[in-house]
file final_25.txt (compact mmCIF, C-alpha atoms (C1' of nucleotides))
# COMPACT_ATOMS: atom_id res chain seq x y z
CA MET A 1 9.75 3.22 -13.41
CA THR A 2 9.53 -0.53 -13.57
CA ASP A 3 6.43 -2.37 -12.55
CA GLN A 4 8.53 -4.15 -9.96
CA THR A 5 8.90 -0.88 -8.09
CA GLN A 6 5.14 -0.57 -7.68
CA ASN A 7 4.71 -4.26 -6.86
CA ALA A 8 7.46 -4.13 -4.25
CA PHE A 9 6.13 -0.99 -2.56
CA ARG A 10 2.63 -2.43 -2.58
CA ALA A 11 3.90 -5.67 -1.02
CA LEU A 12 5.60 -3.74 1.77
CA ALA A 13 2.51 -1.69 2.56
CA ASP A 14 0.90 -4.42 4.66
CA PRO A 15 2.19 -5.11 8.20
CA THR A 16 1.46 -8.84 7.94
CA ARG A 17 3.59 -9.07 4.81
CA ARG A 18 6.43 -7.14 6.44
CA ASP A 19 6.26 -9.56 9.38
CA ILE A 20 6.40 -12.50 6.99
CA LEU A 21 9.55 -11.09 5.40
CA ARG A 22 11.19 -10.87 8.81
CA MET A 23 10.22 -14.45 9.58
CA LEU A 24 11.66 -15.64 6.28
CA SER A 25 14.87 -13.78 7.04
CA ALA A 26 15.38 -16.25 9.88
CA GLN A 27 14.52 -19.36 7.90
CA ASP A 28 12.74 -20.64 4.82
CA MET A 29 9.19 -21.72 5.57
CA THR A 30 6.29 -23.60 4.01
CA ILE A 31 2.90 -21.96 3.74
CA ALA A 32 1.65 -24.04 6.65
CA GLN A 33 4.58 -22.93 8.81
CA VAL A 34 3.90 -19.28 8.08
CA SER A 35 0.17 -19.73 8.71
CA ASP A 36 0.86 -21.23 12.12
CA ARG A 37 2.30 -17.92 13.26
CA PHE A 38 -0.74 -15.84 12.34
CA ASP A 39 -4.31 -15.75 13.53
CA MET A 40 -5.76 -16.10 10.05
CA THR A 41 -6.52 -18.87 7.60
CA ARG A 42 -3.93 -20.51 5.41
CA ALA A 43 -5.74 -19.10 2.37
CA ALA A 44 -5.27 -15.55 3.64
CA VAL A 45 -1.57 -16.16 4.27
CA LYS A 46 -1.26 -17.70 0.83
CA LYS A 47 -2.66 -14.47 -0.68
CA HIS A 48 -0.04 -12.43 1.17
CA LEU A 49 2.68 -14.76 -0.08
CA THR A 50 1.43 -14.29 -3.64
CA VAL A 51 1.66 -10.52 -3.27
CA LEU A 52 5.17 -10.86 -1.85
CA SER A 53 6.10 -13.11 -4.76
CA ASP A 54 4.64 -10.65 -7.28
CA GLY A 55 6.75 -7.97 -5.63
CA GLY A 56 9.84 -10.10 -6.11
CA LEU A 57 10.50 -10.11 -2.36
CA ILE A 58 10.30 -13.88 -1.99
CA THR A 59 10.80 -16.90 -4.20
CA VAL A 60 8.74 -20.08 -4.01
CA GLU A 61 10.11 -23.50 -4.76
CA ALA A 62 8.19 -26.75 -4.89
CA ARG A 63 9.54 -29.61 -2.81
CA GLY A 64 7.25 -32.59 -3.04
CA ARG A 65 3.82 -31.46 -1.96
CA GLU A 66 5.30 -28.53 -0.03
CA ARG A 67 6.15 -25.04 -1.24
CA ILE A 68 9.25 -23.52 0.30
CA ASN A 69 9.08 -19.73 0.60
CA THR A 70 12.47 -18.01 0.61
CA LEU A 71 13.38 -14.40 1.23
CA ASN A 72 14.76 -12.63 -1.83
CA PRO A 73 16.62 -9.57 -0.50
CA ALA A 74 17.46 -8.47 -4.05
CA GLY A 75 13.77 -7.79 -4.52
CA LEU A 76 14.20 -4.75 -2.30
CA ALA A 77 16.48 -3.19 -4.90
CA PRO A 78 13.76 -1.16 -6.67
CA VAL A 79 12.65 0.20 -3.30
CA LEU A 80 16.18 1.17 -2.30
CA ASN A 81 16.77 2.61 -5.73
CA TRP A 82 13.71 4.82 -5.43
CA LEU A 83 14.69 5.94 -1.95
CA GLU A 84 18.19 6.76 -3.12
CA TYR A 85 16.73 9.66 -5.07
CA PHE A 86 16.32 11.46 -1.75
CA ASP A 87 19.89 10.95 -0.65
CA CYS A 88 20.77 14.56 -1.40
CA PHE A 89 18.26 15.69 1.21
CA TRP A 90 19.67 13.34 3.77
CA ASP A 91 23.05 14.95 3.28
CA ASP A 92 21.59 18.32 4.21
CA ARG A 93 19.50 17.09 7.08
CA LEU A 94 21.42 14.04 8.20
CA ASP A 95 21.38 15.02 11.84
CA ALA A 96 17.61 15.40 11.85
CA LEU A 97 17.32 12.03 10.16
CA LYS A 98 19.56 10.28 12.65
CA THR A 99 17.59 11.79 15.49
CA ALA A 100 14.36 10.62 13.91
CA ILE A 101 15.71 7.09 13.46
CA GLU A 102 16.82 6.90 17.06
CA LYS A 103 13.46 8.19 18.20
CA ASP A 104 11.72 5.59 16.07
CA LEU A 105 13.83 2.83 17.61
CA GLN A 106 12.68 3.67 21.12
CA MET B 107 6.98 -0.82 15.55
CA THR B 108 5.57 2.66 15.61
CA ASP B 109 2.40 3.59 13.80
CA GLN B 110 4.48 5.97 11.73
CA THR B 111 6.13 2.97 10.11
CA GLN B 112 2.81 1.69 8.83
CA ASN B 113 1.61 5.16 7.81
CA ALA B 114 4.83 5.85 5.94
CA PHE B 115 4.83 2.53 4.09
CA ARG B 116 1.19 2.98 3.21
CA ALA B 117 1.86 6.48 1.89
CA LEU B 118 4.64 5.17 -0.34
CA ALA B 119 2.48 2.38 -1.77
CA ASP B 120 0.75 4.64 -4.30
CA PRO B 121 2.61 5.77 -7.45
CA THR B 122 0.87 9.16 -7.50
CA ARG B 123 2.05 9.84 -3.97
CA ARG B 124 5.61 8.81 -4.81
CA ASP B 125 5.50 11.19 -7.78
CA ILE B 126 4.27 13.99 -5.52
CA LEU B 127 7.21 13.42 -3.18
CA ARG B 128 9.63 13.77 -6.09
CA MET B 129 7.93 16.97 -7.20
CA LEU B 130 8.15 18.40 -3.72
CA SER B 131 11.85 17.50 -3.61
CA ALA B 132 12.34 20.11 -6.34
CA GLN B 133 10.20 22.82 -4.74
CA ASP B 134 7.46 23.46 -2.22
CA MET B 135 4.03 23.53 -3.82
CA THR B 136 0.45 24.50 -3.06
CA ILE B 137 -2.34 21.99 -3.56
CA ALA B 138 -3.38 23.76 -6.78
CA GLN B 139 0.18 23.58 -8.12
CA VAL B 140 0.37 19.85 -7.44
CA SER B 141 -3.08 19.29 -8.96
CA ASP B 142 -2.05 21.04 -12.16
CA ARG B 143 0.47 18.27 -12.80
CA PHE B 144 -2.01 15.43 -12.56
CA ASP B 145 -5.04 14.42 -14.54
CA MET B 146 -7.30 14.27 -11.52
CA THR B 147 -9.33 16.67 -9.43
CA ARG B 148 -7.89 18.89 -6.72
CA ALA B 149 -9.94 16.94 -4.18
CA ALA B 150 -8.24 13.68 -5.17
CA VAL B 151 -4.80 15.27 -4.92
CA LYS B 152 -5.74 16.71 -1.55
CA LYS B 153 -6.54 13.20 -0.32
CA HIS B 154 -3.12 11.99 -1.41
CA LEU B 155 -1.49 14.93 0.37
CA THR B 156 -3.38 14.03 3.54
CA VAL B 157 -2.06 10.47 3.37
CA LEU B 158 1.47 11.79 2.82
CA SER B 159 1.04 14.11 5.78
CA ASP B 160 -0.26 11.26 7.96
CA GLY B 161 2.82 9.31 6.98
CA GLY B 162 5.02 12.18 8.09
CA LEU B 163 6.51 12.50 4.62
CA ILE B 164 5.39 16.07 4.06
CA THR B 165 4.53 19.07 6.22
CA VAL B 166 1.80 21.57 5.42
CA GLU B 167 1.98 25.24 6.35
CA ALA B 168 -0.75 27.85 5.87
CA ARG B 169 0.22 31.03 4.05
CA GLY B 170 -2.79 33.24 3.55
CA ARG B 171 -5.45 31.18 1.84
CA GLU B 172 -2.80 28.86 0.41
CA ARG B 173 -1.32 25.71 1.92
CA ILE B 174 2.35 25.14 1.24
CA ASN B 175 3.29 21.47 1.05
CA THR B 176 6.91 20.73 1.90
CA LEU B 177 8.88 17.51 1.65
CA ASN B 178 9.92 16.08 5.01
CA PRO B 179 12.82 13.70 4.28
CA ALA B 180 13.03 12.75 7.96
CA GLY B 181 9.66 11.07 7.58
CA LEU B 182 11.41 8.33 5.61
CA ALA B 183 13.32 7.35 8.74
CA PRO B 184 10.90 4.61 9.88
CA VAL B 185 11.05 3.10 6.40
CA LEU B 186 14.84 3.17 6.29
CA ASN B 187 14.96 1.82 9.80
CA TRP B 188 12.77 -1.12 8.85
CA LEU B 189 14.82 -1.81 5.74
CA GLU B 190 18.03 -1.70 7.75
CA TYR B 191 16.97 -4.95 9.38
CA PHE B 192 17.88 -6.68 6.14
CA ASP B 193 21.34 -5.19 5.91
CA CYS B 194 22.93 -8.47 6.95
CA PHE B 195 21.50 -10.13 3.86
CA TRP B 196 22.81 -7.40 1.64
CA ASP B 197 26.27 -8.10 2.95
CA ASP B 198 25.97 -11.70 1.81
CA ARG B 199 24.39 -10.98 -1.52
CA LEU B 200 25.67 -7.52 -2.32
CA ASP B 201 26.64 -8.41 -5.85
CA ALA B 202 23.20 -9.75 -6.67
CA LEU B 203 21.69 -6.63 -5.18
CA LYS B 204 23.85 -4.28 -7.21
CA THR B 205 23.03 -6.18 -10.35
CA ALA B 206 19.34 -5.94 -9.56
CA ILE B 207 19.60 -2.20 -8.94
CA GLU B 208 21.41 -1.64 -12.20
CA LYS B 209 18.85 -3.70 -14.02
CA ASP B 210 16.06 -1.65 -12.43
CA LEU B 211 17.73 1.57 -13.52
CA GLN B 212 17.69 0.59 -17.16
C1' DT C 213 -18.27 45.73 -0.54
C1' DT C 214 -18.17 42.24 -3.75
C1' DA C 215 -16.49 38.82 -6.57
C1' DA C 216 -13.05 35.61 -7.51
C1' DT C 217 -10.00 32.24 -5.77
C1' DG C 218 -7.65 28.47 -2.81
C1' DA C 219 -8.79 25.26 0.13
C1' DG C 220 -11.81 22.25 3.39
C1' DA C 221 -15.78 19.01 4.00
C1' DT C 222 -19.07 15.84 2.77
C1' DA C 223 -21.59 12.55 0.15
C1' DC C 224 -21.25 9.27 -3.10
C1' DC C 225 -19.41 5.60 -6.47
C1' DA C 226 -16.55 1.76 -8.45
C1' DT C 227 -13.00 -1.10 -7.58
C1' DA C 228 -9.21 -3.09 -4.76
C1' DT C 229 -8.06 -5.37 -0.70
C1' DG C 230 -7.96 -8.56 3.23
C1' DG C 231 -10.40 -11.98 4.88
C1' DT C 232 -13.40 -16.54 5.07
C1' DA C 233 -15.43 -20.93 3.46
C1' DT C 234 -15.31 -24.65 0.45
C1' DC C 235 -13.90 -27.79 -2.91
C1' DA C 236 -10.32 -29.77 -6.07
C1' DT C 237 -5.60 -31.53 -6.91
C1' DG C 238 -1.17 -33.62 -6.25
C1' DT C 239 1.89 -36.20 -3.28
C1' DC C 240 3.36 -39.02 0.52
C1' DA C 241 2.85 -43.08 3.49
C1' DA C 242 0.68 -47.24 5.17
C1' DT D 243 -4.61 -48.70 -3.41
C1' DT D 244 -6.17 -45.68 -0.15
C1' DG D 245 -6.26 -42.22 3.02
C1' DA D 246 -4.14 -38.24 4.85
C1' DC D 247 -2.05 -34.02 4.12
C1' DA D 248 -0.03 -29.61 1.87
C1' DT D 249 -1.43 -26.75 -1.37
C1' DG D 250 -4.26 -24.52 -5.25
C1' DA D 251 -8.55 -22.37 -6.82
C1' DT D 252 -12.83 -20.32 -6.63
C1' DA D 253 -16.71 -17.86 -4.82
C1' DC D 254 -18.07 -14.73 -1.69
C1' DC D 255 -18.17 -10.80 1.89
C1' DA D 256 -17.06 -6.39 4.39
C1' DT D 257 -14.29 -2.67 4.34
C1' DA D 258 -10.62 0.35 2.46
C1' DT D 259 -9.16 3.01 -1.26
C1' DG D 260 -8.97 6.23 -5.15
C1' DG D 261 -11.75 8.94 -7.49
C1' DT D 262 -15.71 12.58 -8.58
C1' DA D 263 -19.17 16.16 -7.64
C1' DT D 264 -20.76 19.68 -4.87
C1' DC D 265 -21.15 22.83 -1.26
C1' DT D 266 -19.09 25.92 2.16
C1' DC D 267 -15.56 28.90 4.19
C1' DA D 268 -11.69 32.09 4.31
C1' DT D 269 -8.82 35.26 1.96
C1' DT D 270 -7.44 38.24 -1.63
C1' DA D 271 -8.14 41.81 -5.10
C1' DA D 272 -10.98 44.99 -7.75
call {"tool": "encode", "arguments": {"input": "final_25.txt", "output": "structure tokens"}}
result
Amino acid sequence: MTDQTQNAFRALADPTRRDILRMLSAQDMTIAQVSDRFDMTRAAVKKHLTVLSDGGLITVEARGRERINTLNPAGLAPVLNWLEYFDCFWDDRLDALKTAIEKDLQ
Amino acid sequence: MTDQTQNAFRALADPTRRDILRMLSAQDMTIAQVSDRFDMTRAAVKKHLTVLSDGGLITVEARGRERINTLNPAGLAPVLNWLEYFDCFWDDRLDALKTAIEKDLQ
DNA sequence: TTAATGAGATACCATATGGTATCATGTCAA
DNA sequence: TTGACATGATACCATATGGTATCTCATTAA
């Protein structure tokens, strides 16, 4: 398996990082903008962004003295690819899965 | 989101645990059987199985003095549910995603 | 009954992780 | 030029994590 698979799974393992991804899905943000939404220091948020970048889930682009963080949905590919391996089980137990999803949504 | 979401993502974050899930997709296994396939102690494997169980990704059933570990595909539901949030981006960038998946498969 | 065996429980260790504080650097604006 | 500001970098801390060793318990087989 590629290293990206591990890096992506690791990046997704933290709830703060998953929240950041959702925020970035709405709009690109600077580090300061992301930090404003969390009760932690900018340095801590910066660390999370580095992990997300290592996982290929975001891209960072310099714009003057700012750094624009952008969601990179393609970075989820290794994760989806790994999960696809279990598709055959979902065929068998699709009903149970759907029920579980609906329950989780409640 | 439910606690199961966090527990499931955390369980998937370790490569050993992902390997265990793939093994269990082929057949149910006792702790000893799983341990035989890894270069680590039974106690370490047992810890991983506990994390997988906490994440709802496997079920454990006692049979005599053995414990049968079984894959629970439905436990992936919270993960899939979370990932579904990004479906709208995949619509936009489906080609890039497919390319990324194919690249990851190589 | 008595070992042998599969698993659970606990203590312990090294390192990774998530966080802070602090200082340095580059860039924008007056 | 000179601050002010967004970010980078480093050192440091507490706790989580992945691992081992060891002991105990329950069950199976001789």
call {"tool": "interface_residues", "arguments": {"input": "final_25.txt", "of": "chain A", "to": "chain D", "cutoff": "8 Å", "atoms": "only C-alpha atoms (C1' of nucleotides)", "output": "PyMOL selection string"}}
result
chain A and resi 32+65-67
call {"tool": "interface_residues", "arguments": {"input": "final_25.txt", "of": "chain A", "to": "chain C", "cutoff": "12 Å", "atoms": "only C-alpha atoms (C1' of nucleotides)", "output": "list in words"}}
result
Arg10, Ala11, Ala13, Asp14, Pro15, Thr16, Arg17, Asp39, Met40, Thr41, Arg42, Ala43, Ala44, Val45, Lys46, Lys47, His48, Val51, Ala62, Arg63, Gly64, Arg65 and Glu66 of chain A
call {"tool": "atom_distance", "arguments": {"input": "final_25.txt", "atom1": "CA of Ile164 in chain B", "atom2": "CA of Thr176 in chain B"}}
result
5.4 Å
call {"tool": "atom_distance", "arguments": {"input": "final_25.txt", "atom1": "CA of Ser131 in chain B", "atom2": "CA of Asp160 in chain B"}}
result
17.9 Å
call {"tool": "closest_residue", "arguments": {"input": "final_25.txt", "among": "A:Pro78, A:Leu21, A:Leu52, A:Glu84", "to": "chain B", "atoms": "all atoms listed in the file"}}
result
A:Pro78
call {"tool": "closest_residue", "arguments": {"input": "final_25.txt", "among": "B:Val140, B:Leu163, B:Met135, B:Ala114", "to": "chain A", "atoms": "all atoms listed in the file"}}
result
B:Ala114
call {"tool": "closest_residue", "arguments": {"input": "final_25.txt", "among": "A:Asp3, A:Asp87, A:Phe9, A:Asn69", "to": "chain B", "atoms": "only C-alpha atoms"}}
result
A:Phe9
call {"tool": "atom_distance", "arguments": {"input": "final_25.txt", "atom1": "CA of Trp82 in chain A", "atom2": "CA of Leu130 in chain B"}}
result
14.8 Å
call {"tool": "axis_aligned_box", "arguments": {"input": "final_25.txt", "around": "range 250-266 of chain D", "padding_each_side": "5 Å", "output": "lines of an AutoDock Vina configuration file"}}
result
center_x = -12.7
center_y = 0.7
center_z = -2.1
size_x = 26.9
size_y = 60.4
size_z = 23.0
